[in-house]
>>> print(open('start_36.txt').read())   # compact mmCIF, C-alpha atoms
# COMPACT_ATOMS: atom_id res chain seq x y z
CA MET A 247 0.00 0.00 0.00
CA VAL A 248 2.86 2.40 0.81
CA GLN A 249 4.47 1.57 -2.53
CA GLN A 250 1.18 2.36 -4.33
CA LYS A 251 0.91 5.66 -2.47
CA ASN A 252 4.46 6.61 -3.48
CA GLU A 253 3.76 5.58 -7.06
CA ILE A 254 0.60 7.72 -7.23
CA GLU A 255 2.42 10.67 -5.67
CA SER A 256 5.16 10.43 -8.31
CA TYR A 257 2.53 10.32 -11.08
CA ILE A 258 0.77 13.37 -9.64
CA GLU A 259 4.08 15.21 -9.49
CA LYS A 260 4.93 14.25 -13.07
CA TYR A 261 1.52 14.65 -14.75
CA GLY A 262 -0.49 16.84 -12.37
CA GLU A 263 0.02 20.13 -14.19
CA ARG A 264 -0.91 18.68 -17.60
CA VAL A 265 -4.00 16.98 -16.17
CA SER A 266 -4.97 20.27 -14.54
CA ARG A 267 -4.69 22.11 -17.88
CA LEU A 268 -6.76 19.43 -19.59
CA CYS A 269 -9.44 19.73 -16.90
CA ILE A 270 -9.61 23.50 -17.34
CA ASN A 271 -9.77 23.17 -21.12
CA LEU A 272 -12.54 20.59 -20.91
CA CYS A 273 -14.63 22.25 -18.21
CA GLY A 274 -14.16 25.89 -19.05
CA ASN A 275 -14.34 26.97 -15.42
CA HIS A 276 -12.12 26.61 -12.41
CA ALA A 277 -14.57 25.01 -9.96
CA ASP A 278 -15.61 22.16 -12.28
CA ALA A 279 -11.99 21.69 -13.37
CA ASP A 280 -10.94 21.22 -9.74
CA ASP A 281 -13.66 18.58 -9.27
CA LEU A 282 -12.64 16.77 -12.47
CA TYR A 283 -8.97 16.85 -11.44
CA GLN A 284 -9.77 15.32 -8.06
CA ASP A 285 -12.15 12.72 -9.52
CA THR A 286 -9.53 11.71 -12.10
CA TRP A 287 -6.85 11.06 -9.49
CA MET A 288 -9.32 9.22 -7.24
CA LYS A 289 -10.13 6.89 -10.14
CA VAL A 290 -6.43 6.39 -10.83
CA LEU A 291 -5.90 5.46 -7.19
CA LYS A 292 -8.87 3.10 -7.23
CA ASN A 293 -7.85 1.43 -10.52
CA ILE A 294 -4.05 1.47 -10.40
CA ASP A 295 -4.03 -2.32 -10.03
CA LYS A 296 -5.83 -2.60 -13.39
CA TYR A 297 -3.25 -0.44 -15.18
CA ASP A 298 -1.33 -2.44 -17.81
CA ARG A 299 2.27 -1.35 -17.21
CA SER A 300 3.26 -2.31 -20.74
CA ARG A 301 1.17 0.63 -21.96
CA ASP A 302 1.76 4.37 -21.73
CA PHE A 303 0.61 5.69 -18.33
CA GLU A 304 -0.05 9.19 -19.63
CA LYS A 305 -2.54 7.96 -22.24
CA TRP A 306 -4.27 5.80 -19.63
CA LEU A 307 -4.46 8.77 -17.26
CA PHE A 308 -5.84 11.14 -19.90
CA LYS A 309 -8.37 8.51 -20.97
CA ILE A 310 -9.60 8.35 -17.38
CA CYS A 311 -9.84 12.14 -17.25
CA VAL A 312 -11.72 12.45 -20.56
CA ASN A 313 -14.08 9.59 -19.70
CA THR A 314 -14.76 11.07 -16.25
CA TYR A 315 -15.56 14.39 -17.91
CA LYS A 316 -17.88 12.75 -20.47
CA ASN A 317 -19.67 10.76 -17.77
CA GLU A 318 -20.24 13.90 -15.73
CA GLN A 319 -21.54 15.73 -18.81
CA MET A 320 -24.02 12.92 -19.41
CA LYS A 321 -25.22 13.17 -15.80
CA VAL A 322 -25.74 16.91 -16.19
CA PHE A 323 -27.50 16.40 -19.51
CA ARG A 324 -29.82 13.78 -18.01
CA ARG A 325 -30.66 16.08 -15.11
CA LYS A 326 -31.09 18.96 -17.56
CA ASN A 327 -29.07 21.24 -15.32
CA ILE A 328 -27.61 24.33 -16.88
CA SER A 329 -24.08 25.28 -15.93
CA PHE A 330 -23.34 29.00 -16.07
CA ARG A 331 -19.81 30.23 -16.40
CA THR A 332 -19.12 33.30 -14.31
CA THR A 333 -16.81 36.19 -15.09
CA GLU A 334 -14.86 35.23 -11.99
CA ASP A 335 -14.23 31.71 -13.34
CA GLN A 336 -13.06 33.17 -16.63
CA ASP A 337 -10.71 35.61 -14.86
CA ILE A 338 -9.20 32.77 -12.80
CA PHE A 339 -8.63 30.78 -16.00
CA PHE A 340 -6.84 33.66 -17.75
CA GLU A 341 -4.72 34.44 -14.69
CA MET A 342 -3.25 30.93 -15.01
CA ILE A 343 -1.81 31.75 -18.45
CA PRO A 344 1.77 33.03 -18.37
CA ASP A 345 2.12 36.80 -18.88
CA ARG A 346 1.63 37.77 -22.50
CA GLU A 347 1.05 40.96 -24.43
CA GLU A 348 -2.48 42.32 -24.04
CA ALA A 349 -3.18 41.90 -27.79
CA TYR A 350 -2.22 38.23 -27.55
CA MET A 351 -4.40 37.75 -24.48
CA GLU A 352 -7.37 39.35 -26.23
CA LYS A 353 -6.98 36.98 -29.20
CA TYR A 354 -6.62 34.07 -26.78
CA ARG A 355 -9.84 35.07 -25.03
CA GLU A 356 -11.61 35.18 -28.40
CA VAL A 357 -10.33 31.69 -29.26
CA VAL A 358 -11.44 30.31 -25.89
CA ALA A 359 -14.88 31.90 -26.33
CA VAL A 360 -15.27 30.23 -29.73
CA ILE A 361 -14.05 26.88 -28.39
CA LYS A 362 -16.61 27.04 -25.56
CA GLU A 363 -19.36 27.23 -28.18
CA LEU A 364 -18.22 24.04 -29.93
CA PRO A 365 -19.86 20.69 -29.24
CA GLU A 366 -18.17 18.74 -26.43
CA LYS A 367 -16.56 16.18 -28.76
CA PHE A 368 -14.72 18.91 -30.68
CA ARG A 369 -13.64 20.72 -27.49
CA THR A 370 -12.18 17.46 -26.19
CA VAL A 371 -10.15 16.87 -29.35
CA LEU A 372 -8.84 20.44 -29.32
CA ALA A 373 -7.92 20.17 -25.65
CA LEU A 374 -5.92 17.00 -26.26
CA ARG A 375 -4.31 17.89 -29.61
CA TYR A 376 -3.55 21.58 -29.31
CA PHE A 377 -3.51 22.39 -25.61
CA ASN A 378 -1.79 19.17 -24.48
CA ASN A 379 0.18 18.34 -27.65
CA PHE A 380 -0.99 14.76 -28.10
CA SER A 381 -0.44 13.32 -31.57
CA GLU A 382 -3.38 12.40 -33.78
CA SER A 383 -2.97 8.71 -33.01
CA ASP A 384 -2.59 9.34 -29.24
CA THR A 385 -5.72 11.51 -29.27
CA ALA A 386 -7.61 8.81 -31.16
CA GLU A 387 -6.45 6.19 -28.66
CA ILE A 388 -7.45 8.30 -25.64
CA LEU A 389 -10.88 8.95 -27.14
CA ARG A 390 -11.20 5.34 -28.30
CA TYR A 391 -11.55 6.37 -31.94
CA SER A 392 -10.05 4.22 -34.60
CA LYS A 393 -7.34 5.81 -36.70
CA VAL A 394 -9.49 5.05 -39.77
CA LYS A 395 -12.42 6.98 -38.28
CA THR A 396 -10.11 9.90 -37.50
CA LYS A 397 -8.75 9.97 -41.07
CA GLN A 398 -12.25 9.64 -42.57
CA SER A 399 -13.40 12.57 -40.48
CA LYS A 400 -10.41 14.58 -41.64
CA LYS A 401 -11.20 13.82 -45.31
CA THR A 402 -14.86 14.70 -44.86
CA ASN A 403 -14.02 18.00 -43.20
CA ASN A 404 -11.45 18.93 -45.87
CA ARG A 405 -13.72 18.17 -48.82
CA GLU A 406 -14.49 21.08 -51.11
CA ASP A 407 -18.07 21.00 -52.38
>>> encode(input="start_36.txt", output="structure tokens")
Amino acid sequence: MVQQKNEIESYIEKYGERVSRLCINLCGNHADADDLYQDTWMKVLKNIDKYDRSRDFEKWLFKICVNTYKNEQMKVFRRKNISFRTTEDQDIFFEMIPDREEAYMEKYREVVAVIKELPEKFRTVLALRYFNNFSESDTAEILRYSKVKTKQSKKTNNRED
């Protein structure tokens, strides 16, 4: 048990910041991101014995995070609750970004506003690919998409009518 605790602590130290960024990108607000972060690590702790050590831990971890997020979204959808994002949550999010020029920050805010309007499945892909730098195949694996499905989607979206 002590060895497991040390192992989890080392994973949190190594991957905690990236998981936190993913949570913020997925949730869009600080409070929900904190809950997702905590739920993700609780599931890791609970399921560490099921982790196949021949596979990449980071992908397994991010899969847990994304699936936890999706499951929570389904619960909210089923309850028909509406989640409002406050100005305070948005300010907290932008304070976490390293200092940049104001013009850059304004463009970044515009991009985040547009991303928030996208359907959840597109936000998740963007969060993994562009905010966490996962490759196309790693993103597909985390989301349990086949590489063929990913490439077909790419072709469909790039088609000129």
>>> atom_distance(input="start_36.txt", atom1="CA of Ile294 in chain A", atom2="CA of Leu268 in chain A")
20.4 Å
>>> atom_distance(input="start_36.txt", atom1="CA of Ile254 in chain A", atom2="CA of Ile388 in chain A")
20.1 Å
>>> closest_residue(input="start_36.txt", among="A:Asp298, A:Asn378, A:Lys292, A:Lys362", to="Val265 in chain A", atoms="all atoms listed in the file")
A:Asn378
>>> residues_near_point(input="start_36.txt", point="(-8.2, 29.3, -28.8)", cutoff="12 Å", atoms="all atoms listed in the file", output="ChimeraX atom specification")
/A:271,274,340,350-364,369,372-373,376-377
>>> atom_distance(input="start_36.txt", atom1="CA of Thr370 in chain A", atom2="CA of Val290 in chain A")
19.8 Å
>>> axis_aligned_box(input="start_36.txt", around="range 299-316 of chain A", padding_each_side="8 Å", output="JSON")
{"center_x": -7.3, "center_y": 6.0, "center_z": -19.2, "size_x": 37.1, "size_y": 32.7, "size_z": 22.0}
>>> closest_residue(input="start_36.txt", among="A:Gln319, A:Glu255, A:Ala386, A:Arg267", to="Pro365 in chain A", atoms="only C-alpha atoms")
A:Gln319
>>> closest_residue(input="start_36.txt", among="A:Arg390, A:Asn379, A:Tyr297, A:Thr314", to="Leu272 in chain A", atoms="all atoms listed in the file")
A:Thr314
>>> decode(input="start_36.txt", residues="range 283-302 of chain A", atoms="N, CA and C atoms", output="mmCIF file, in the first residue's frame")
data_model
loop_
_atom_site.group_PDB
_atom_site.id
_atom_site.type_symbol
_atom_site.label_atom_id
_atom_site.label_comp_id
_atom_site.auth_asym_id
_atom_site.auth_seq_id
_atom_site.Cartn_x
_atom_site.Cartn_y
_atom_site.Cartn_z
ATOM 1 N N TYR A 283 -10.349 17.198 -11.788
ATOM 2 C CA TYR A 283 -8.973 16.849 -11.439
ATOM 3 C C TYR A 283 -8.956 15.861 -10.268
ATOM 4 N N GLN A 284 -9.712 16.186 -9.242
ATOM 5 C CA GLN A 284 -9.765 15.320 -8.058
ATOM 6 C C GLN A 284 -10.401 13.968 -8.387
ATOM 7 N N ASP A 285 -11.486 13.973 -9.145
ATOM 8 C CA ASP A 285 -12.146 12.721 -9.520
ATOM 9 C C ASP A 285 -11.224 11.832 -10.362
ATOM 10 N N THR A 286 -10.462 12.467 -11.250
ATOM 11 C CA THR A 286 -9.533 11.712 -12.097
ATOM 12 C C THR A 286 -8.507 10.984 -11.247
ATOM 13 N N TRP A 287 -7.880 11.687 -10.315
ATOM 14 C CA TRP A 287 -6.847 11.056 -9.490
ATOM 15 C C TRP A 287 -7.437 10.018 -8.541
ATOM 16 N N MET A 288 -8.670 10.231 -8.085
ATOM 17 C CA MET A 288 -9.323 9.220 -7.237
ATOM 18 C C MET A 288 -9.547 7.927 -8.036
ATOM 19 N N LYS A 289 -9.933 8.075 -9.304
ATOM 20 C CA LYS A 289 -10.129 6.886 -10.142
ATOM 21 C C LYS A 289 -8.800 6.204 -10.444
ATOM 22 N N VAL A 290 -7.761 6.980 -10.624
ATOM 23 C CA VAL A 290 -6.434 6.391 -10.830
ATOM 24 C C VAL A 290 -6.052 5.578 -9.602
ATOM 25 N N LEU A 291 -6.225 6.151 -8.427
ATOM 26 C CA LEU A 291 -5.898 5.459 -7.186
ATOM 27 C C LEU A 291 -6.706 4.165 -7.049
ATOM 28 N N LYS A 292 -7.983 4.251 -7.351
ATOM 29 C CA LYS A 292 -8.866 3.100 -7.226
ATOM 30 C C LYS A 292 -8.525 2.002 -8.242
ATOM 31 N N ASN A 293 -8.048 2.388 -9.431
ATOM 32 C CA ASN A 293 -7.851 1.426 -10.520
ATOM 33 C C ASN A 293 -6.398 1.166 -10.879
ATOM 34 N N ILE A 294 -5.461 1.625 -10.070
ATOM 35 C CA ILE A 294 -4.046 1.472 -10.405
ATOM 36 C C ILE A 294 -3.660 0.001 -10.585
ATOM 37 N N ASP A 295 -4.322 -0.888 -9.881
ATOM 38 C CA ASP A 295 -4.030 -2.324 -10.031
ATOM 39 C C ASP A 295 -4.441 -2.852 -11.402
ATOM 40 N N LYS A 296 -5.367 -2.171 -12.068
ATOM 41 C CA LYS A 296 -5.831 -2.595 -13.392
ATOM 42 C C LYS A 296 -4.975 -2.005 -14.518
ATOM 43 N N TYR A 297 -4.095 -1.082 -14.176
ATOM 44 C CA TYR A 297 -3.254 -0.441 -15.184
ATOM 45 C C TYR A 297 -2.263 -1.442 -15.765
ATOM 46 N N ASP A 298 -2.245 -1.558 -17.082
ATOM 47 C CA ASP A 298 -1.332 -2.436 -17.810
ATOM 48 C C ASP A 298 -0.004 -1.689 -17.987
ATOM 49 N N ARG A 299 0.994 -2.078 -17.232
ATOM 50 C CA ARG A 299 2.271 -1.354 -17.210
ATOM 51 C C ARG A 299 3.056 -1.441 -18.518
ATOM 52 N N SER A 300 2.602 -2.268 -19.429
ATOM 53 C CA SER A 300 3.265 -2.313 -20.736
ATOM 54 C C SER A 300 2.766 -1.177 -21.633
ATOM 55 N N ARG A 301 1.744 -0.471 -21.178
ATOM 56 C CA ARG A 301 1.167 0.629 -21.958
ATOM 57 C C ARG A 301 1.559 1.974 -21.343
ATOM 58 N N ASP A 302 1.395 3.022 -22.130
ATOM 59 C CA ASP A 302 1.762 4.372 -21.726
ATOM 60 C C ASP A 302 0.835 4.876 -20.608
#
